[in-house]
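Visitor: I'm passing along my_file_39.cif; it holds mmCIF, C-alpha atoms (C1' of nucleotides).
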data_start
loop_
_atom_site.label_atom_id
_atom_site.label_comp_id
_atom_site.auth_asym_id
_atom_site.auth_seq_id
_atom_site.Cartn_x
_atom_site.Cartn_y
_atom_site.Cartn_z
CA MET A 489 0.00 0.00 0.00
CA ALA A 490 1.48 3.28 -1.10
CA ARG A 491 2.21 5.63 1.74
CA ALA A 492 0.36 8.88 1.79
CA GLY A 493 3.23 10.78 3.36
CA VAL A 494 1.32 12.24 6.26
CA THR A 495 3.34 14.11 8.84
CA THR A 496 2.32 16.15 11.83
CA GLU A 497 3.56 19.21 10.01
CA ARG A 498 1.42 18.61 6.93
CA LEU A 499 -1.53 17.68 9.08
CA VAL A 500 -1.41 20.91 11.00
CA ARG A 501 -0.99 22.93 7.86
CA ALA A 502 -3.94 21.18 6.21
CA GLY A 503 -5.92 21.71 9.39
CA ALA A 504 -5.22 25.43 9.23
CA GLU A 505 -6.40 25.57 5.64
CA LEU A 506 -9.50 23.61 6.49
CA ALA A 507 -10.18 26.02 9.34
CA ASP A 508 -9.96 28.98 7.01
CA GLU A 509 -12.26 27.35 4.50
CA ALA A 510 -14.88 25.85 6.76
CA GLY A 511 -14.37 27.33 10.20
CA PHE A 512 -12.26 26.23 13.11
CA ALA A 513 -15.13 24.23 14.55
CA GLN A 514 -15.17 22.05 11.45
CA VAL A 515 -11.58 21.00 11.86
CA THR A 516 -12.00 17.34 12.51
CA VAL A 517 -9.67 14.38 12.39
CA SER A 518 -12.16 12.65 10.12
CA GLU A 519 -12.21 15.43 7.57
CA LEU A 520 -8.43 15.59 7.45
CA ALA A 521 -8.27 11.82 6.94
CA ARG A 522 -10.61 12.28 3.99
CA ARG A 523 -8.40 14.99 2.55
CA PHE A 524 -5.29 12.87 2.85
CA ASP A 525 -7.20 9.88 1.55
CA VAL A 526 -6.26 7.86 4.54
CA LYS A 527 -8.20 6.04 7.23
CA VAL A 528 -9.05 8.07 10.32
CA ALA A 529 -7.16 5.91 12.78
CA SER A 530 -3.96 6.46 10.83
CA LEU A 531 -3.80 10.06 11.85
CA TYR A 532 -3.53 9.14 15.49
CA SER A 533 0.11 8.25 14.91
CA HIS A 534 0.83 11.86 14.03
CA VAL A 535 -1.38 13.69 16.46
CA LYS A 536 -2.31 12.70 19.98
CA ASN A 537 -5.97 13.51 19.61
CA SER A 538 -8.37 16.08 18.32
CA HIS A 539 -7.47 18.59 20.98
CA ASP A 540 -3.79 18.19 20.25
CA LEU A 541 -4.47 18.93 16.60
CA ARG A 542 -6.38 22.09 17.41
CA THR A 543 -3.73 23.23 19.81
CA ARG A 544 -1.06 22.84 17.17
CA ILE A 545 -3.11 24.90 14.75
CA ALA A 546 -3.50 27.55 17.41
CA LEU A 547 0.25 27.66 17.95
CA LEU A 548 0.84 27.96 14.23
CA ALA A 549 -1.54 30.87 14.04
CA LEU A 550 -0.03 32.63 17.03
CA ASP A 551 3.36 32.25 15.45
CA GLU A 552 2.31 33.60 12.10
CA LEU A 553 0.60 36.52 13.77
CA ALA A 554 3.60 37.37 15.89
CA ASP A 555 5.86 37.20 12.84
CA ARG A 556 3.66 39.57 10.91
CA ALA A 557 3.33 41.91 13.84
CA ALA A 558 7.05 42.02 14.40
CA ALA A 559 7.65 42.74 10.72
CA ALA A 560 5.04 45.49 10.74
CA LEU A 561 6.59 47.15 13.73
CA ALA A 562 10.09 47.25 12.32
CA GLY A 563 11.13 50.83 11.77
CA ARG A 564 7.89 52.34 12.98
CA ALA A 565 6.90 54.12 16.15
CA GLY A 566 4.00 56.03 17.62
CA ARG A 567 0.86 56.31 15.56
CA GLU A 568 2.45 54.54 12.63
CA ALA A 569 3.35 51.56 14.76
CA LEU A 570 -0.05 51.47 16.37
CA VAL A 571 -1.86 51.43 13.05
CA ALA A 572 0.49 48.92 11.48
CA PHE A 573 0.16 46.56 14.40
CA ALA A 574 -3.60 46.88 14.53
CA ASP A 575 -3.90 46.26 10.82
CA VAL A 576 -1.88 43.11 11.09
CA TYR A 577 -4.46 41.75 13.48
CA ARG A 578 -7.48 42.79 11.54
CA ASP A 579 -6.06 41.71 8.21
CA TYR A 580 -4.98 38.37 9.51
CA ALA A 581 -8.42 37.74 10.94
CA ARG A 582 -9.99 38.60 7.61
CA GLU A 583 -7.57 36.61 5.50
CA HIS A 584 -7.46 33.63 7.82
CA PRO A 585 -10.62 33.52 9.88
CA GLY A 586 -10.11 29.91 10.88
CA ARG A 587 -6.54 30.36 11.98
CA TYR A 588 -7.51 33.54 13.80
CA ALA A 589 -10.26 31.65 15.63
CA ALA A 590 -7.68 29.01 16.48
CA ALA A 591 -5.41 31.65 17.96
CA GLN A 592 -8.19 32.40 20.43
CA LEU A 593 -8.21 28.85 21.72
CA ARG A 594 -7.57 28.73 25.42
CA LEU A 595 -4.22 27.07 26.01
CA ASP A 596 -3.13 25.46 29.21
CA PRO A 597 -0.63 27.60 31.12
CA GLU A 598 2.55 25.75 30.13
CA THR A 599 1.63 25.67 26.46
CA ALA A 600 0.65 29.31 26.57
CA ALA A 601 3.90 30.29 28.23
CA ALA A 602 5.87 28.55 25.48
CA SER A 603 3.74 30.02 22.71
CA ALA A 604 4.19 33.11 20.62
CA GLY A 605 1.57 34.74 22.82
CA VAL A 606 4.46 36.01 24.87
CA ARG A 607 5.91 37.79 21.84
CA HIS A 608 2.58 39.51 21.27
CA ALA A 609 2.62 40.98 24.74
CA GLN A 610 6.16 42.27 24.22
CA LEU A 611 5.29 43.85 20.91
CA MET A 612 2.32 45.61 22.40
CA ARG A 613 4.50 47.01 25.15
CA ALA A 614 6.98 48.14 22.55
CA ILE A 615 4.34 50.22 20.82
CA LEU A 616 3.55 51.99 24.05
CA ARG A 617 7.14 53.03 24.60
CA ALA A 618 6.56 55.87 22.19
CA TYR A 619 3.89 57.28 24.45
CA ASP A 620 4.43 58.71 27.85
CA LEU A 621 2.71 56.27 30.12
CA THR A 622 3.97 55.34 33.53
CA GLY A 623 3.31 52.62 36.05
CA PRO A 624 0.00 50.82 36.02
CA ASP A 625 -1.37 53.05 33.30
CA GLN A 626 0.93 51.32 30.88
CA THR A 627 -0.71 48.01 31.66
CA HIS A 628 -4.12 49.59 31.49
CA ALA A 629 -3.29 50.94 28.05
CA VAL A 630 -2.08 47.56 26.84
CA ARG A 631 -5.34 46.09 27.99
CA LEU A 632 -7.35 48.80 26.34
CA LEU A 633 -5.70 48.22 23.01
CA GLY A 634 -5.84 44.46 23.29
CA SER A 635 -9.51 44.56 24.22
CA PHE A 636 -10.37 46.95 21.46
CA PHE A 637 -8.56 44.98 18.77
CA ARG A 638 -10.04 41.72 19.83
CA GLY A 639 -13.53 43.05 20.29
CA PHE A 640 -13.64 44.99 17.06
CA VAL A 641 -12.37 42.11 14.99
CA ALA A 642 -14.83 39.73 16.63
CA LEU A 643 -17.77 42.06 16.09
CA GLU A 644 -16.83 42.67 12.50
CA ALA A 645 -16.47 38.96 11.85
CA ASP A 646 -19.86 38.29 13.44
CA GLY A 647 -21.44 40.83 11.17
CA GLY A 648 -22.16 43.00 14.17
CA PHE A 649 -21.52 46.11 12.12
CA ASP A 650 -23.49 45.03 9.11
CA HIS A 651 -26.60 47.08 9.63
CA SER A 652 -25.24 50.47 10.52
CA SER A 653 -23.76 52.77 8.02
CA PRO A 654 -20.12 53.67 8.00
CA ALA A 655 -18.17 50.66 6.78
CA PRO A 656 -16.19 48.97 9.53
CA ALA A 657 -12.94 50.00 7.85
CA GLU A 658 -13.85 53.61 8.33
CA SER A 659 -14.54 53.21 12.03
CA TRP A 660 -11.35 51.22 12.36
CA ALA A 661 -9.20 53.96 10.88
CA ARG A 662 -10.92 56.71 12.78
CA LEU A 663 -10.80 54.85 16.07
CA LEU A 664 -7.12 54.13 15.74
CA ASP A 665 -6.58 57.85 15.37
CA VAL A 666 -8.74 58.48 18.38
CA LEU A 667 -6.80 55.93 20.41
CA ASP A 668 -3.53 57.45 19.31
CA SER A 669 -4.76 60.82 20.56
CA LEU A 670 -5.86 59.23 23.77
CA LEU A 671 -2.47 57.63 24.34
CA ARG A 672 -0.66 60.87 23.61
CA ASP A 673 -2.92 62.75 25.93
CA TRP A 674 -3.70 60.16 28.55
CA PRO A 675 -6.03 61.52 31.23
CA ARG A 676 -4.70 61.78 34.75
CA PRO A 677 -6.50 59.73 37.41
CA MET B 1212 -45.21 5.74 31.67
CA ALA B 1213 -45.21 8.83 33.82
CA ARG B 1214 -44.64 12.02 31.89
CA ALA B 1215 -41.57 13.99 32.72
CA GLY B 1216 -43.17 17.32 31.97
CA VAL B 1217 -40.63 18.56 29.52
CA THR B 1218 -41.44 21.80 27.74
CA THR B 1219 -39.43 23.94 25.38
CA GLU B 1220 -39.29 26.54 28.12
CA ARG B 1221 -37.86 24.19 30.72
CA LEU B 1222 -35.49 22.73 28.19
CA VAL B 1223 -34.03 26.10 27.31
CA ARG B 1224 -33.73 27.06 30.93
CA ALA B 1225 -31.99 23.82 31.77
CA GLY B 1226 -29.76 24.31 28.76
CA ALA B 1227 -28.76 27.73 30.03
CA GLU B 1228 -27.88 26.29 33.41
CA LEU B 1229 -25.93 23.51 31.80
CA ALA B 1230 -24.06 26.08 29.75
CA ASP B 1231 -23.10 28.02 32.85
CA GLU B 1232 -21.95 24.90 34.61
CA ALA B 1233 -20.12 23.12 31.84
CA GLY B 1234 -19.67 25.60 29.02
CA PHE B 1235 -21.87 26.42 26.07
CA ALA B 1236 -20.08 23.87 23.92
CA GLN B 1237 -21.21 21.11 26.27
CA VAL B 1238 -24.87 21.92 25.80
CA THR B 1239 -26.06 18.81 24.13
CA VAL B 1240 -29.45 17.28 23.54
CA SER B 1241 -28.15 14.06 25.03
CA GLU B 1242 -27.05 15.67 28.26
CA LEU B 1243 -30.38 17.43 28.66
CA ALA B 1244 -32.22 14.17 28.07
CA ARG B 1245 -30.15 12.68 30.85
CA ARG B 1246 -31.03 15.54 33.18
CA PHE B 1247 -34.72 15.19 32.48
CA ASP B 1248 -34.43 11.43 32.71
CA VAL B 1249 -35.98 11.00 29.33
CA LYS B 1250 -34.84 9.38 26.09
CA VAL B 1251 -32.97 11.59 23.70
CA ALA B 1252 -35.43 11.31 20.85
CA SER B 1253 -38.18 12.63 23.08
CA LEU B 1254 -36.65 16.05 23.17
CA TYR B 1255 -37.06 16.45 19.45
CA SER B 1256 -40.76 17.12 19.99
CA HIS B 1257 -39.87 20.25 21.93
CA VAL B 1258 -36.90 21.52 20.01
CA LYS B 1259 -36.25 21.29 16.29
CA ASN B 1260 -32.65 20.27 16.62
CA SER B 1261 -29.45 21.01 18.43
CA HIS B 1262 -28.97 24.32 16.69
CA ASP B 1263 -32.48 25.40 17.52
CA LEU B 1264 -31.80 24.67 21.17
CA ARG B 1265 -28.65 26.75 21.17
CA THR B 1266 -30.35 29.58 19.39
CA ARG B 1267 -33.10 29.66 21.99
CA ILE B 1268 -30.51 29.80 24.75
CA ALA B 1269 -28.81 32.66 22.95
CA LEU B 1270 -32.08 34.55 22.72
CA LEU B 1271 -32.74 33.99 26.39
CA ALA B 1272 -29.31 35.35 27.26
CA LEU B 1273 -29.71 38.39 25.02
CA ASP B 1274 -33.02 39.11 26.65
CA GLU B 1275 -31.70 38.82 30.17
CA LEU B 1276 -28.77 41.03 29.29
CA ALA B 1277 -30.95 43.70 27.73
CA ASP B 1278 -33.25 43.66 30.76
CA ARG B 1279 -30.38 44.14 33.12
CA ALA B 1280 -28.85 46.84 30.99
CA ALA B 1281 -32.11 48.74 30.75
CA ALA B 1282 -32.56 48.54 34.50
CA ALA B 1283 -29.01 49.73 35.11
CA LEU B 1284 -29.47 52.70 32.85
CA ALA B 1285 -32.67 53.92 34.46
CA GLY B 1286 -32.05 57.26 36.08
CA ARG B 1287 -28.41 57.46 35.14
CA ALA B 1288 -26.51 59.46 32.56
CA GLY B 1289 -22.98 60.24 31.51
CA ARG B 1290 -20.18 58.50 33.34
CA GLU B 1291 -22.60 56.85 35.72
CA ALA B 1292 -24.56 55.34 32.91
CA LEU B 1293 -21.44 54.21 31.10
CA VAL B 1294 -20.06 52.44 34.13
CA ALA B 1295 -23.38 50.88 35.06
CA PHE B 1296 -23.92 49.57 31.56
CA ALA B 1297 -20.40 48.24 31.28
CA ASP B 1298 -20.65 46.50 34.63
CA VAL B 1299 -23.84 44.78 33.59
CA TYR B 1300 -21.96 43.17 30.73
CA ARG B 1301 -18.93 42.17 32.68
CA ASP B 1302 -20.90 40.92 35.65
CA TYR B 1303 -23.25 38.92 33.50
CA ALA B 1304 -20.35 37.29 31.73
CA ARG B 1305 -18.79 36.37 35.03
CA GLU B 1306 -21.98 35.14 36.65
CA HIS B 1307 -23.24 33.32 33.58
CA PRO B 1308 -20.31 32.43 31.36
CA GLY B 1309 -22.27 29.87 29.40
CA ARG B 1310 -25.21 32.15 28.74
CA TYR B 1311 -22.81 34.93 27.84
CA ALA B 1312 -21.08 32.66 25.36
CA ALA B 1313 -24.48 31.79 23.97
CA ALA B 1314 -25.25 35.46 23.48
CA GLN B 1315 -22.26 35.57 21.14
CA LEU B 1316 -23.73 32.93 18.88
CA ARG B 1317 -24.10 34.19 15.38
CA LEU B 1318 -27.79 34.41 14.55
CA ASP B 1319 -29.26 34.45 11.10
CA PRO B 1320 -30.45 37.91 10.08
CA GLU B 1321 -34.18 37.45 10.71
CA THR B 1322 -33.62 35.92 14.14
CA ALA B 1323 -31.14 38.62 15.01
CA ALA B 1324 -33.51 41.35 13.94
CA ALA B 1325 -36.20 39.94 16.20
CA SER B 1326 -33.85 39.47 19.12
CA ALA B 1327 -33.03 41.70 22.04
CA GLY B 1328 -29.80 42.57 20.23
CA VAL B 1329 -31.68 45.50 18.84
CA ARG B 1330 -32.41 46.80 22.33
CA HIS B 1331 -28.71 46.62 23.14
CA ALA B 1332 -27.87 48.88 20.27
CA GLN B 1333 -30.50 51.39 21.37
CA LEU B 1334 -29.27 51.41 24.94
CA MET B 1335 -25.73 52.02 23.82
CA ARG B 1336 -26.87 54.97 21.73
CA ALA B 1337 -28.78 56.27 24.73
CA ILE B 1338 -25.62 56.38 26.80
CA LEU B 1339 -23.92 58.47 24.18
CA ARG B 1340 -26.63 61.09 24.19
CA ALA B 1341 -25.02 62.54 27.29
CA TYR B 1342 -21.85 63.24 25.36
CA ASP B 1343 -21.49 65.68 22.58
CA LEU B 1344 -20.85 63.50 19.56
CA THR B 1345 -22.14 64.25 16.13
CA GLY B 1346 -22.58 62.39 12.86
CA PRO B 1347 -20.40 59.37 12.16
CA ASP B 1348 -18.40 59.90 15.30
CA GLN B 1349 -21.38 58.74 17.26
CA THR B 1350 -21.32 55.43 15.44
CA HIS B 1351 -17.57 55.22 15.84
CA ALA B 1352 -17.97 55.75 19.57
CA VAL B 1353 -20.62 53.05 19.82
CA ARG B 1354 -18.27 50.70 18.07
CA LEU B 1355 -15.38 51.65 20.30
CA LEU B 1356 -17.36 50.91 23.42
CA GLY B 1357 -18.85 47.73 22.06
CA SER B 1358 -15.47 46.47 20.95
CA PHE B 1359 -13.84 47.33 24.22
CA PHE B 1360 -16.50 45.66 26.34
CA ARG B 1361 -16.55 42.56 24.28
CA GLY B 1362 -12.81 42.29 24.00
CA PHE B 1363 -12.08 42.96 27.64
CA VAL B 1364 -14.63 40.47 28.85
CA ALA B 1365 -13.35 37.84 26.44
CA LEU B 1366 -9.74 38.37 27.41
CA GLU B 1367 -10.55 38.27 31.09
CA ALA B 1368 -12.55 35.07 30.66
CA ASP B 1369 -9.69 33.47 28.72
CA GLY B 1370 -7.32 34.28 31.52
CA GLY B 1371 -5.50 36.69 29.24
CA PHE B 1372 -4.84 39.02 32.13
CA ASP B 1373 -3.76 36.36 34.56
CA HIS B 1374 -0.04 36.88 34.40
CA SER B 1375 0.28 40.61 34.64
CA SER B 1376 -0.21 42.49 37.81
CA PRO B 1377 -3.08 44.88 38.33
CA ALA B 1378 -6.22 42.81 38.77
CA PRO B 1379 -8.56 43.06 35.79
CA ALA B 1380 -11.14 44.85 37.91
CA GLU B 1381 -8.69 47.67 38.47
CA SER B 1382 -8.01 48.12 34.77
CA TRP B 1383 -11.69 47.90 34.06
CA ALA B 1384 -12.53 50.75 36.45
CA ARG B 1385 -9.64 52.88 35.30
CA LEU B 1386 -10.34 52.32 31.63
CA LEU B 1387 -13.99 53.22 31.99
CA ASP B 1388 -12.86 56.50 33.47
CA VAL B 1389 -10.45 56.96 30.62
CA LEU B 1390 -13.16 56.25 28.08
CA ASP B 1391 -15.51 58.65 29.80
CA SER B 1392 -12.84 61.33 29.48
CA LEU B 1393 -12.33 60.44 25.90
CA LEU B 1394 -16.01 60.73 25.12
CA ARG B 1395 -16.28 64.06 26.87
CA ASP B 1396 -13.25 65.33 25.06
CA TRP B 1397 -13.51 63.56 21.74
CA PRO B 1398 -10.64 64.46 19.41
CA ARG B 1399 -11.46 66.31 16.20
CA PRO B 1400 -10.58 64.50 12.97
"C1'" DC C 590 21.76 -8.63 -1.05
"C1'" DC C 591 19.09 -9.52 2.70
"C1'" DT C 592 17.44 -9.64 7.33
"C1'" DC C 593 15.57 -6.66 11.05
"C1'" DC C 594 13.19 -3.04 12.90
"C1'" DT C 595 10.89 1.14 12.87
"C1'" DT C 596 7.05 3.39 11.32
"C1'" DG C 597 2.96 4.32 8.34
"C1'" DC C 598 -1.35 2.74 7.45
"C1'" DC C 599 -5.17 -0.59 8.02
"C1'" DT C 600 -9.18 -3.27 10.11
"C1'" DA C 601 -12.08 -3.79 14.08
"C1'" DA C 602 -14.65 -2.20 17.62
"C1'" DA C 603 -16.58 0.54 21.29
"C1'" DG C 604 -18.50 4.92 22.90
"C1'" DC C 605 -21.01 9.12 22.33
"C1'" DC C 606 -23.96 12.55 19.83
"C1'" DT C 607 -27.68 13.73 16.29
"C1'" DT C 608 -31.70 13.01 13.86
"C1'" DT C 609 -35.68 10.60 11.67
"C1'" DA C 610 -39.50 7.18 11.59
"C1'" DG C 611 -43.13 4.93 13.53
"C1'" DG C 612 -45.73 3.34 17.55
"C1'" DA C 613 -48.00 3.30 22.27
"C1'" DA C 614 -49.70 5.52 26.27
"C1'" DG C 615 -51.34 9.69 28.69
"C1'" DT C 616 -54.39 14.17 28.23
"C1'" DT C 617 -57.93 16.90 26.68
"C1'" DC C 618 -62.06 18.14 24.65
"C1'" DT C 619 -66.52 16.96 22.83
"C1'" DA D 483 -66.65 7.28 26.24
"C1'" DG D 484 -64.32 8.34 22.02
"C1'" DA D 485 -61.55 11.22 19.04
"C1'" DA D 486 -57.61 13.87 18.56
"C1'" DC D 487 -53.49 15.52 20.18
"C1'" DT D 488 -49.27 15.33 22.74
"C1'" DT D 489 -45.58 13.12 25.14
"C1'" DC D 490 -42.48 9.67 25.34
"C1'" DC D 491 -40.46 5.28 23.62
"C1'" DT D 492 -37.95 1.83 20.63
"C1'" DA D 493 -35.28 1.24 16.51
"C1'" DA D 494 -31.98 2.49 13.42
"C1'" DA D 495 -28.74 4.97 10.61
"C1'" DG D 496 -24.87 8.11 10.21
"C1'" DG D 497 -20.93 10.85 11.93
"C1'" DC D 498 -16.83 11.78 14.89
"C1'" DT D 499 -13.25 10.04 18.40
"C1'" DT D 500 -10.16 6.97 20.21
"C1'" DT D 501 -7.84 2.51 21.36
"C1'" DA D 502 -5.95 -2.12 20.16
"C1'" DG D 503 -3.66 -5.10 17.35
"C1'" DG D 504 -1.66 -6.34 12.84
"C1'" DC D 505 0.70 -6.18 8.13
"C1'" DA D 506 3.88 -4.35 5.06
"C1'" DA D 507 7.08 -0.66 3.12
"C1'" DG D 508 11.56 1.43 3.61
"C1'" DG D 509 15.72 2.34 5.71
"C1'" DA D 510 19.92 0.45 8.60
"C1'" DG D 511 23.35 -2.66 9.26
"C1'" DG D 512 25.54 -7.15 8.44
#
Any chance you could give the structure as structure tokens?
Guide:
Amino acid sequence: MARAGVTTERLVRAGAELADEAGFAQVTVSELARRFDVKVASLYSHVKNSHDLRTRIALLALDELADRAAAALAGRAGREALVAFADVYRDYAREHPGRYAAAQLRLDPETAAASAGVRHAQLMRAILRAYDLTGPDQTHAVRLLGSFFRGFVALEADGGFDHSSPAPAESWARLLDVLDSLLRDWPRP
Amino acid sequence: MARAGVTTERLVRAGAELADEAGFAQVTVSELARRFDVKVASLYSHVKNSHDLRTRIALLALDELADRAAAALAGRAGREALVAFADVYRDYAREHPGRYAAAQLRLDPETAAASAGVRHAQLMRAILRAYDLTGPDQTHAVRLLGSFFRGFVALEADGGFDHSSPAPAESWARLLDVLDSLLRDWPRP
DNA sequence: CCTCCTTGCCTAAAGCCTTTAGGAAGTTCT
DNA sequence: AGAACTTCCTAAAGGCTTTAGGCAAGGAGG
């Protein structure tokens, strides 16, 4: 019997593509087996179980995102950096909805600590260095940005902005300006 | 055979409780049948299918949320209203994580239009009446608040704030103040 | 070249969830 | 009481997950 040449690597990559096509929830060991034209049980030599597969896809996505974010931040600071970083997120979510959903998967602490999630946090902090924020307000600001990015992208993906008029892109651009202003002129407690 | 007294109403309510206990993803027709001590197929007289069940739970959650929000807003305006409204969201998500997750379920357009989601949008607009925002900036502001609430609550639930120091509650309070400032002193384009 | 062993893939089987079809026993209304 | 409806049941098919045990392809070493 000719070997199909399945590897964990290829499996995860195919899983990511499947996620983008059909949604992260549809990523199933069975469907991947079908795509590799292999029996389901065979995949269990390459992946521990369904959860393991999903986790690996999540890690791939986090990695890709961090890479893009780091590239976008190179040579930029202040408003430019903020916008570039934010766009990386939004664009990635739009280009790769399944992978983006995967990146939201809750990881167990050890896995999370070893993931590219850590890089994300560092990059966000780096953006804020251009602004004059001290002490806890720096953390608050990180959380504001993180919350806004995540929430906006989620709402846009859910069609939450579909039935009101300015296109999401317009709000996105305007709000990034507003947030830049806010960071430059951060209100005192 | 003694009747178990299952009704769509009781099913949805039990589903909501199950969601809060075990997570929205664990809400399954089978598990509910177990809880009502009834055969699985029996439930299909009360609910069209699994998706129908989840949708009903989502609608219940949206309704409860809108009720709470409306109550919180009564007699308040400006910063007070903003904080009260925001707390309703965050508290609901913490008290009823499963229901809150259900409320995020993507509904088809007709269902969404008939849901309490519409009330949410109106309440949010009502809050902004206290601030001096005109034209598209009003929509932008609604989107900023919505994104922030949703993102913050999601990140907190995912434990995204677990390994940095100020407690989420502290950032939440501070950031609501910051946003209130921002709305009062909204930057010109 | 040819064993030997690792590894990829397979069959079998059990467990759990969903959904449909068709039937029997309570409930309700006339 | 009898008809009509509703609730619940058994049966059965189909899908996904996961484990156990086996055969054969391909590379390593003699």
Visitor: Could you expand the PyMOL selection byres ((chain B) within 9 of (chain D)) into the explicit residues it covers here, written as a PDB file with C-alpha atoms, in the coordinates of the input?
Guide:
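Full text of selection-v2.pdb as output:
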ATOM      1  CA  MET B1212     -45.210   5.740  31.670  1.00  0.00           C
ATOM      2  CA  ALA B1213     -45.210   8.830  33.820  1.00  0.00           C
ATOM      3  CA  ARG B1214     -44.640  12.020  31.890  1.00  0.00           C
ATOM      4  CA  ALA B1215     -41.570  13.990  32.720  1.00  0.00           C
ATOM      5  CA  GLY B1216     -43.170  17.320  31.970  1.00  0.00           C
ATOM      6  CA  VAL B1217     -40.630  18.560  29.520  1.00  0.00           C
ATOM      7  CA  VAL B1249     -35.980  11.000  29.330  1.00  0.00           C
ATOM      8  CA  LYS B1250     -34.840   9.380  26.090  1.00  0.00           C
ATOM      9  CA  ALA B1252     -35.430  11.310  20.850  1.00  0.00           C
ATOM     10  CA  SER B1253     -38.180  12.630  23.080  1.00  0.00           C
ATOM     11  CA  LEU B1254     -36.650  16.050  23.170  1.00  0.00           C
ATOM     12  CA  SER B1256     -40.760  17.120  19.990  1.00  0.00           C
TER      13      SER B1256
END
Visitor: Suppose a student applies the PyMOL selection byres ((chain A) within 6 of (chain B)) to this structure; what residues should they get, written as a list of chain:residue names?
Guide: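 Applied to this file, the PyMOL selection byres ((chain A) within 6 of (chain B)) returns A:His628, A:Ser635, A:Phe636, A:Arg638, A:Gly639, A:Phe640, A:Ser659.
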Visitor: Could you write out as a VMD selection string the residues of chain C within 10 Å of chain B, counting all atoms listed in the file?
Guide: chain C and resid 605 to 609 614 to 615
Visitor: Care to translate the PyMOL selection byres ((chain B and resi 1222) around 10) into actual residues of this file, as an mmCIF file with C-alpha atoms, in the frame of the given file?
Guide:
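Once written, out.cif looks like this:
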data_model
loop_
_atom_site.group_PDB
_atom_site.id
_atom_site.type_symbol
_atom_site.label_atom_id
_atom_site.label_comp_id
_atom_site.auth_asym_id
_atom_site.auth_seq_id
_atom_site.Cartn_x
_atom_site.Cartn_y
_atom_site.Cartn_z
ATOM 1 C CA VAL B 1217 -40.630 18.560 29.520
ATOM 2 C CA THR B 1218 -41.440 21.800 27.740
ATOM 3 C CA THR B 1219 -39.430 23.940 25.380
ATOM 4 C CA GLU B 1220 -39.290 26.540 28.120
ATOM 5 C CA ARG B 1221 -37.860 24.190 30.720
ATOM 6 C CA VAL B 1223 -34.030 26.100 27.310
ATOM 7 C CA ARG B 1224 -33.730 27.060 30.930
ATOM 8 C CA ALA B 1225 -31.990 23.820 31.770
ATOM 9 C CA GLY B 1226 -29.760 24.310 28.760
ATOM 10 C CA ALA B 1227 -28.760 27.730 30.030
ATOM 11 C CA GLU B 1228 -27.880 26.290 33.410
ATOM 12 C CA VAL B 1240 -29.450 17.280 23.540
ATOM 13 C CA LEU B 1243 -30.380 17.430 28.660
ATOM 14 C CA ALA B 1244 -32.220 14.170 28.070
ATOM 15 C CA ARG B 1246 -31.030 15.540 33.180
ATOM 16 C CA PHE B 1247 -34.720 15.190 32.480
ATOM 17 C CA LEU B 1254 -36.650 16.050 23.170
ATOM 18 C CA HIS B 1257 -39.870 20.250 21.930
ATOM 19 C CA VAL B 1258 -36.900 21.520 20.010
ATOM 20 C CA LEU B 1264 -31.800 24.670 21.170
ATOM 21 C CA ARG B 1267 -33.100 29.660 21.990
ATOM 22 C CA ILE B 1268 -30.510 29.800 24.750
#
Visitor: Report the centre and edge lengths, in Å to one decimal, of an axis-aligned box enclosing every atom of stretch 490-494 of chain D listed in the file, padded by 4 Å on each side, as JSON.
Guide:
{"center_x": -37.2, "center_y": 5.5, "center_z": 19.4, "size_x": 18.5, "size_y": 16.4, "size_z": 19.9}
Visitor: Select, counting only C-alpha atoms (C1' of nucleotides), all protein, DNA and RNA residues no farther than 12 Å from (-21.4, 32.8, 34.8) in file coordinates, and express the selection as a PyMOL selection string.
Guide: chain B and resi 1227-1235+1272+1300-1313+1364+1368
Visitor: What is the distance, in Å and to one decimal place, between atom CA of B:Ala1332 and atom CA of B:Arg1395?
Guide: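 These atoms are spaced 20.2 Å apart.
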Visitor: What does the distance from atom CA of A:Ser603 to atom CA of A:Glu552 come to in Å, to one decimal?
Guide: 11.3 Å
Visitor: Identify, on the basis of only C-alpha atoms (C1' of nucleotides), every residue whose closest approach to B:Phe1296 does not exceed 10 Å; exclude the query and any residue fewer than 5 positions from it along the same chain; express the result as JSON, numbers by chain.
Guide: {"B": [1277, 1279, 1280, 1281, 1282, 1283, 1284, 1287, 1290, 1291, 1301, 1334, 1335, 1338, 1360]}
Visitor: Rounded to one decimal in Å, what is the spacing between atom CA of A:Ala546 and atom CA of A:Val515?
Guide: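 Distance reported for this atom pair: 11.8 Å.
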